[in-house]
file input10.txt (compact mmCIF, N, CA and C atoms)
# COMPACT_ATOMS: atom_id res chain seq x y z
N MET A 1 96.55 92.20 60.18
CA MET A 1 95.58 92.83 61.02
C MET A 1 96.31 93.73 62.01
N SER A 2 95.83 94.93 62.19
CA SER A 2 96.49 95.87 63.10
C SER A 2 95.98 95.68 64.52
N SER A 3 96.83 95.99 65.48
CA SER A 3 96.42 95.85 66.87
C SER A 3 95.75 97.14 67.33
N PRO A 4 94.76 97.04 68.21
CA PRO A 4 94.08 98.23 68.69
C PRO A 4 95.02 99.07 69.54
N ASP A 5 94.86 100.39 69.46
CA ASP A 5 95.72 101.23 70.30
C ASP A 5 95.26 101.14 71.75
N SER A 6 96.13 101.55 72.66
CA SER A 6 95.84 101.39 74.08
C SER A 6 94.66 102.21 74.54
N SER A 7 94.42 103.37 73.92
CA SER A 7 93.29 104.18 74.36
C SER A 7 91.97 103.51 74.05
N ALA A 8 91.89 102.80 72.93
CA ALA A 8 90.67 102.06 72.61
C ALA A 8 90.47 100.93 73.61
N GLY A 9 91.55 100.26 73.98
CA GLY A 9 91.45 99.19 74.98
C GLY A 9 91.01 99.71 76.33
N GLU A 10 91.54 100.88 76.71
CA GLU A 10 91.15 101.47 77.99
C GLU A 10 89.68 101.86 77.98
N GLY A 11 89.18 102.36 76.86
CA GLY A 11 87.77 102.74 76.75
C GLY A 11 86.87 101.53 76.87
N THR A 12 87.26 100.43 76.23
CA THR A 12 86.49 99.20 76.31
C THR A 12 86.48 98.66 77.73
N GLU A 13 87.64 98.69 78.37
CA GLU A 13 87.74 98.21 79.75
C GLU A 13 86.87 99.06 80.67
N ALA A 14 86.88 100.36 80.48
CA ALA A 14 86.07 101.25 81.30
C ALA A 14 84.59 100.96 81.10
N ARG A 15 84.17 100.71 79.87
CA ARG A 15 82.76 100.39 79.59
C ARG A 15 82.37 99.07 80.24
N LEU A 16 83.25 98.08 80.19
CA LEU A 16 82.96 96.79 80.81
C LEU A 16 82.83 96.93 82.32
N LYS A 17 83.71 97.72 82.93
CA LYS A 17 83.62 97.94 84.38
C LYS A 17 82.33 98.67 84.73
N GLN A 18 81.96 99.66 83.91
CA GLN A 18 80.73 100.41 84.17
C GLN A 18 79.52 99.49 84.04
N ARG A 19 79.52 98.62 83.04
CA ARG A 19 78.42 97.67 82.87
C ARG A 19 78.33 96.73 84.08
N ALA A 20 79.47 96.29 84.58
CA ALA A 20 79.49 95.41 85.75
C ALA A 20 78.92 96.13 86.97
N VAL A 21 79.31 97.38 87.18
CA VAL A 21 78.80 98.14 88.32
C VAL A 21 77.29 98.27 88.23
N HIS A 22 76.76 98.56 87.05
CA HIS A 22 75.31 98.71 86.91
C HIS A 22 74.59 97.38 87.10
N ALA A 23 75.19 96.28 86.68
CA ALA A 23 74.59 94.96 86.93
C ALA A 23 74.51 94.68 88.43
N GLU A 24 75.55 95.05 89.15
CA GLU A 24 75.56 94.86 90.61
C GLU A 24 74.47 95.69 91.27
N ILE A 25 74.35 96.93 90.85
CA ILE A 25 73.33 97.83 91.41
C ILE A 25 71.94 97.28 91.13
N ASN A 26 71.72 96.77 89.93
CA ASN A 26 70.41 96.20 89.61
C ASN A 26 70.11 94.98 90.48
N GLY A 27 71.12 94.13 90.72
CA GLY A 27 70.93 92.99 91.61
C GLY A 27 70.55 93.43 93.01
N ARG A 28 71.20 94.49 93.49
CA ARG A 28 70.89 94.99 94.82
C ARG A 28 69.46 95.52 94.88
N ARG A 29 69.02 96.20 93.83
CA ARG A 29 67.64 96.71 93.79
C ARG A 29 66.64 95.57 93.88
N VAL A 30 66.91 94.48 93.17
CA VAL A 30 66.03 93.30 93.23
C VAL A 30 66.00 92.77 94.66
N ASN A 31 67.17 92.64 95.28
CA ASN A 31 67.21 92.10 96.63
C ASN A 31 66.53 93.00 97.66
N GLU A 32 66.65 94.30 97.47
CA GLU A 32 65.96 95.22 98.38
C GLU A 32 64.45 95.01 98.27
N ALA A 33 63.94 94.79 97.07
CA ALA A 33 62.51 94.53 96.87
C ALA A 33 62.12 93.20 97.49
N ILE A 34 62.98 92.19 97.34
CA ILE A 34 62.71 90.88 97.95
C ILE A 34 62.63 91.04 99.46
N GLU A 35 63.56 91.77 100.03
CA GLU A 35 63.57 91.96 101.48
C GLU A 35 62.31 92.70 101.94
N ARG A 36 61.93 93.75 101.23
CA ARG A 36 60.71 94.50 101.60
C ARG A 36 59.47 93.61 101.53
N GLY A 37 59.47 92.66 100.61
CA GLY A 37 58.32 91.78 100.44
C GLY A 37 58.25 90.64 101.44
N ASP A 38 59.28 90.47 102.23
CA ASP A 38 59.30 89.38 103.22
C ASP A 38 58.62 89.86 104.50
N SER A 39 57.44 89.36 104.75
CA SER A 39 56.68 89.84 105.90
C SER A 39 56.98 89.08 107.19
N ASP A 40 57.54 87.87 107.08
CA ASP A 40 57.75 87.10 108.30
C ASP A 40 59.16 87.24 108.88
N GLY A 41 60.08 87.87 108.16
CA GLY A 41 61.43 88.08 108.68
C GLY A 41 62.26 86.82 108.74
N GLY A 42 61.82 85.77 108.07
CA GLY A 42 62.55 84.50 108.07
C GLY A 42 63.65 84.47 107.05
N THR A 43 63.53 83.56 106.09
CA THR A 43 64.53 83.47 105.03
C THR A 43 63.90 83.85 103.70
N ALA A 44 64.75 84.19 102.78
CA ALA A 44 64.31 84.54 101.44
C ALA A 44 65.39 84.11 100.45
N VAL A 45 65.02 84.02 99.20
CA VAL A 45 65.96 83.69 98.14
C VAL A 45 66.38 85.00 97.48
N PHE A 46 67.67 85.32 97.60
CA PHE A 46 68.23 86.56 97.07
C PHE A 46 69.02 86.26 95.80
N VAL A 47 69.13 87.25 94.94
CA VAL A 47 69.92 87.08 93.72
C VAL A 47 71.35 87.52 93.97
N CYS A 48 72.26 86.92 93.23
CA CYS A 48 73.66 87.31 93.28
C CYS A 48 73.76 88.73 92.75
N GLU A 49 74.47 89.59 93.46
CA GLU A 49 74.63 90.98 93.07
C GLU A 49 75.96 91.20 92.35
N CYS A 50 76.39 90.19 91.61
CA CYS A 50 77.68 90.29 90.91
C CYS A 50 77.56 91.17 89.68
N GLY A 51 78.69 91.41 89.07
CA GLY A 51 78.75 92.26 87.90
C GLY A 51 78.60 91.53 86.58
N TYR A 52 78.28 90.25 86.62
CA TYR A 52 78.13 89.49 85.38
C TYR A 52 76.72 89.67 84.85
N VAL A 53 76.61 90.37 83.72
CA VAL A 53 75.32 90.64 83.12
C VAL A 53 74.63 89.32 82.80
N GLY A 54 73.39 89.19 83.22
CA GLY A 54 72.63 87.98 82.97
C GLY A 54 72.75 86.92 84.05
N CYS A 55 73.53 87.17 85.10
CA CYS A 55 73.65 86.18 86.18
C CYS A 55 72.28 86.01 86.83
N ASN A 56 71.89 84.77 87.02
CA ASN A 56 70.62 84.49 87.69
C ASN A 56 70.80 83.52 88.86
N THR A 57 72.00 83.49 89.41
CA THR A 57 72.30 82.63 90.55
C THR A 57 71.62 83.20 91.79
N THR A 58 71.08 82.32 92.60
CA THR A 58 70.40 82.75 93.82
C THR A 58 71.04 82.09 95.03
N VAL A 59 70.77 82.67 96.19
CA VAL A 59 71.24 82.13 97.46
C VAL A 59 70.17 82.39 98.51
N GLN A 60 69.91 81.39 99.33
CA GLN A 60 68.93 81.54 100.40
C GLN A 60 69.63 82.05 101.65
N LEU A 61 69.12 83.15 102.18
CA LEU A 61 69.68 83.76 103.40
C LEU A 61 68.54 84.18 104.30
N SER A 62 68.85 84.28 105.57
CA SER A 62 67.87 84.90 106.47
C SER A 62 67.89 86.40 106.21
N ILE A 63 66.83 87.06 106.61
CA ILE A 63 66.78 88.52 106.47
C ILE A 63 67.92 89.14 107.27
N ALA A 64 68.20 88.58 108.44
CA ALA A 64 69.31 89.10 109.27
C ALA A 64 70.65 88.97 108.55
N GLU A 65 70.87 87.85 107.84
CA GLU A 65 72.11 87.67 107.08
C GLU A 65 72.21 88.71 105.96
N TYR A 66 71.10 88.96 105.28
CA TYR A 66 71.14 89.97 104.22
C TYR A 66 71.39 91.35 104.82
N GLU A 67 70.77 91.63 105.94
CA GLU A 67 71.01 92.92 106.62
C GLU A 67 72.47 93.08 107.00
N ALA A 68 73.13 91.98 107.36
CA ALA A 68 74.55 92.03 107.71
C ALA A 68 75.40 92.41 106.49
N VAL A 69 74.95 92.00 105.30
CA VAL A 69 75.65 92.40 104.08
C VAL A 69 75.49 93.90 103.87
N ARG A 70 74.30 94.41 104.10
CA ARG A 70 73.94 95.77 103.73
C ARG A 70 74.24 96.81 104.81
N THR A 71 75.31 96.62 105.56
CA THR A 71 75.65 97.58 106.61
C THR A 71 76.27 98.86 106.08
N ASP A 72 76.61 98.89 104.78
CA ASP A 72 77.13 100.10 104.17
C ASP A 72 76.77 100.10 102.69
N PHE A 73 76.78 101.27 102.07
CA PHE A 73 76.32 101.42 100.69
C PHE A 73 77.16 100.67 99.67
N ASP A 74 78.42 100.42 99.97
CA ASP A 74 79.29 99.81 98.95
C ASP A 74 79.50 98.32 99.16
N ARG A 75 78.68 97.70 100.00
CA ARG A 75 78.76 96.26 100.24
C ARG A 75 77.73 95.52 99.39
N PHE A 76 78.17 94.45 98.73
CA PHE A 76 77.30 93.70 97.84
C PHE A 76 77.42 92.21 98.13
N LEU A 77 76.34 91.49 97.88
CA LEU A 77 76.24 90.05 98.06
C LEU A 77 76.56 89.35 96.74
N VAL A 78 77.56 88.48 96.74
CA VAL A 78 77.87 87.69 95.54
C VAL A 78 78.11 86.25 95.95
N VAL A 79 77.89 85.34 95.01
CA VAL A 79 78.19 83.94 95.29
C VAL A 79 79.67 83.70 95.01
N PRO A 80 80.27 82.74 95.69
CA PRO A 80 81.69 82.46 95.45
C PRO A 80 81.97 82.20 93.97
N GLY A 81 83.05 82.82 93.49
CA GLY A 81 83.44 82.69 92.10
C GLY A 81 82.93 83.82 91.22
N HIS A 82 82.02 84.64 91.74
CA HIS A 82 81.46 85.74 90.96
C HIS A 82 82.08 87.09 91.31
N GLU A 83 83.05 87.10 92.21
CA GLU A 83 83.72 88.36 92.54
C GLU A 83 84.59 88.80 91.36
N ILE A 84 84.70 90.11 91.16
CA ILE A 84 85.50 90.67 90.06
C ILE A 84 86.60 91.52 90.69
N ASP A 85 87.80 90.98 90.72
CA ASP A 85 88.91 91.60 91.44
C ASP A 85 89.22 93.02 90.99
N GLU A 86 88.98 93.33 89.73
CA GLU A 86 89.31 94.66 89.22
C GLU A 86 88.45 95.76 89.82
N ILE A 87 87.25 95.44 90.28
CA ILE A 87 86.37 96.50 90.78
C ILE A 87 85.93 96.31 92.22
N GLU A 88 86.25 95.18 92.82
CA GLU A 88 85.79 94.94 94.19
C GLU A 88 86.78 94.08 94.98
N GLN A 89 86.61 94.13 96.29
CA GLN A 89 87.45 93.36 97.19
C GLN A 89 86.55 92.54 98.10
N VAL A 90 86.89 91.27 98.29
CA VAL A 90 86.13 90.42 99.20
C VAL A 90 86.48 90.81 100.63
N VAL A 91 85.46 91.13 101.44
CA VAL A 91 85.69 91.50 102.83
C VAL A 91 85.13 90.47 103.81
N GLU A 92 84.24 89.59 103.33
CA GLU A 92 83.71 88.51 104.16
C GLU A 92 83.50 87.29 103.28
N ARG A 93 83.83 86.13 103.85
CA ARG A 93 83.60 84.86 103.15
C ARG A 93 82.70 83.99 104.02
N HIS A 94 81.63 83.50 103.42
CA HIS A 94 80.70 82.58 104.06
C HIS A 94 80.58 81.36 103.16
N PRO A 95 80.08 80.24 103.67
CA PRO A 95 80.03 79.04 102.84
C PRO A 95 79.28 79.21 101.51
N ASP A 96 78.19 79.97 101.51
CA ASP A 96 77.39 80.08 100.30
C ASP A 96 77.34 81.47 99.69
N HIS A 97 78.05 82.44 100.30
CA HIS A 97 78.09 83.78 99.72
C HIS A 97 79.30 84.56 100.21
N LEU A 98 79.60 85.61 99.47
CA LEU A 98 80.68 86.53 99.82
C LEU A 98 80.10 87.92 99.97
N VAL A 99 80.80 88.76 100.71
CA VAL A 99 80.47 90.18 100.76
C VAL A 99 81.66 90.90 100.14
N VAL A 100 81.36 91.75 99.15
CA VAL A 100 82.41 92.51 98.49
C VAL A 100 82.14 94.01 98.65
N VAL A 101 83.22 94.78 98.59
CA VAL A 101 83.12 96.25 98.58
C VAL A 101 83.79 96.75 97.32
N LYS A 102 83.34 97.90 96.89
CA LYS A 102 83.87 98.51 95.68
C LYS A 102 85.26 99.07 95.92
N ARG A 103 86.17 98.86 94.96
CA ARG A 103 87.54 99.40 95.02
C ARG A 103 87.63 100.76 94.34
N GLU A 104 87.07 100.87 93.17
CA GLU A 104 87.26 102.05 92.33
C GLU A 104 86.35 103.20 92.75
N PRO A 105 86.84 104.42 92.70
CA PRO A 105 86.04 105.58 93.08
C PRO A 105 84.74 105.71 92.29
N ASP A 106 84.77 105.46 90.98
CA ASP A 106 83.55 105.57 90.17
C ASP A 106 82.51 104.53 90.60
N ALA A 107 82.96 103.33 90.92
CA ALA A 107 82.05 102.29 91.38
C ALA A 107 81.46 102.65 92.73
N LYS A 108 82.28 103.19 93.62
CA LYS A 108 81.79 103.63 94.94
C LYS A 108 80.76 104.74 94.78
N THR A 109 81.04 105.69 93.89
CA THR A 109 80.12 106.80 93.67
C THR A 109 78.78 106.30 93.15
N ALA A 110 78.80 105.39 92.19
CA ALA A 110 77.56 104.83 91.64
C ALA A 110 76.80 104.05 92.70
N ALA A 111 77.50 103.28 93.51
CA ALA A 111 76.85 102.51 94.57
C ALA A 111 76.19 103.45 95.58
N HIS A 112 76.88 104.51 95.94
CA HIS A 112 76.34 105.47 96.90
C HIS A 112 75.13 106.20 96.33
N ALA A 113 75.21 106.64 95.08
CA ALA A 113 74.14 107.41 94.46
C ALA A 113 72.86 106.61 94.29
N THR A 114 72.97 105.30 94.16
CA THR A 114 71.79 104.48 93.91
C THR A 114 71.31 103.70 95.12
N ASP A 115 71.96 103.89 96.25
CA ASP A 115 71.59 103.17 97.47
C ASP A 115 70.34 103.78 98.08
N GLU A 116 69.27 103.00 98.13
CA GLU A 116 68.01 103.48 98.70
C GLU A 116 68.11 103.78 100.18
N ARG A 117 69.10 103.23 100.85
CA ARG A 117 69.24 103.41 102.30
C ARG A 117 70.08 104.63 102.67
N THR A 118 70.79 105.19 101.68
CA THR A 118 71.65 106.34 101.96
C THR A 118 70.81 107.60 101.94
N PRO A 119 70.86 108.38 103.02
CA PRO A 119 70.05 109.62 103.06
C PRO A 119 70.52 110.64 102.03

call {"tool": "encode", "arguments": {"input": "input10.txt", "output": "structure tokens"}}
result
Amino acid sequence: MSSPDSSAGEGTEARLKQRAVHAEINGRRVNEAIERGDSDGGTAVFVCECGYVGCNTTVQLSIAEYEAVRTDFDRFLVVPGHEIDEIEQVVERHPDHLVVVKREPDAKTAAHATDERTP
């Protein structure tokens, strides 16, 4: 059996990273809708905004805690263990969630372009 050439491996890796970025963006869209639907400003159950396609892990946070995550376009809410070192860096650690920021320029660009809060 022949081994794949490096360019094929790089293409696959790039596609996997792109898929992870889009999964994170979709999680953030869900959480933005959850936040908009919270009329009392108390707590809500948010989804993990990690890059693992199909993740359905949730975390209960106050609206203020979620707002603290969303202070910039490239900050995402993930549960511990769901961070992906190749595309993001942990900038805050809390007992039940982490805040990560995008490392790669393409991931930052996608996060910025899809952020409903960015003018």

call {"tool": "select_by_dssp", "arguments": {"input": "input10.txt", "residues": "range 6-58 of chain A", "states": "strand (DSSP E or B)", "output": "PyMOL selection string"}}
result
chain A and resi 43-47+58

call {"tool": "atom_distance", "arguments": {"input": "input10.txt", "atom1": "CA of Pro105 in chain A", "atom2": "CA of Arg70 in chain A"}}
result
18.9 Å

call {"tool": "closest_atom_pairs", "arguments": {"input": "input10.txt", "of": "range 37-56 of chain A", "to": "range 77-86 of chain A", "cutoff": "7 Å", "atoms": "all atoms listed in the file", "output": "JSON lines"}}
result
{"residue": "A:Val47", "atom": "C", "partner": "A:Leu77", "partner_atom": "C", "distance": 6.2}
{"residue": "A:Cys48", "atom": "CA", "partner": "A:Val78", "partner_atom": "CA", "distance": 4.8}
{"residue": "A:Glu49", "atom": "N", "partner": "A:Leu77", "partner_atom": "C", "distance": 3.9}
{"residue": "A:Cys50", "atom": "N", "partner": "A:Val78", "partner_atom": "CA", "distance": 4.9}
{"residue": "A:Gly51", "atom": "N", "partner": "A:His82", "partner_atom": "C", "distance": 5.9}
{"residue": "A:Tyr52", "atom": "N", "partner": "A:His82", "partner_atom": "C", "distance": 6.8}

call {"tool": "atom_distance", "arguments": {"input": "input10.txt", "atom1": "atom C of Ser62 in chain A", "atom2": "atom C of Thr43 in chain A"}}
result
5.4 Å

call {"tool": "residues_around", "arguments": {"input": "input10.txt", "residues": "range 22-34 of chain A", "least_positions_apart": "6", "cutoff": "10 Å", "atoms": "only C-alpha atoms", "output": "PyMOL selection string"}}
result
chain A and resi 16+44-56+63+66-67+70+74-78+107+110-112+114-117
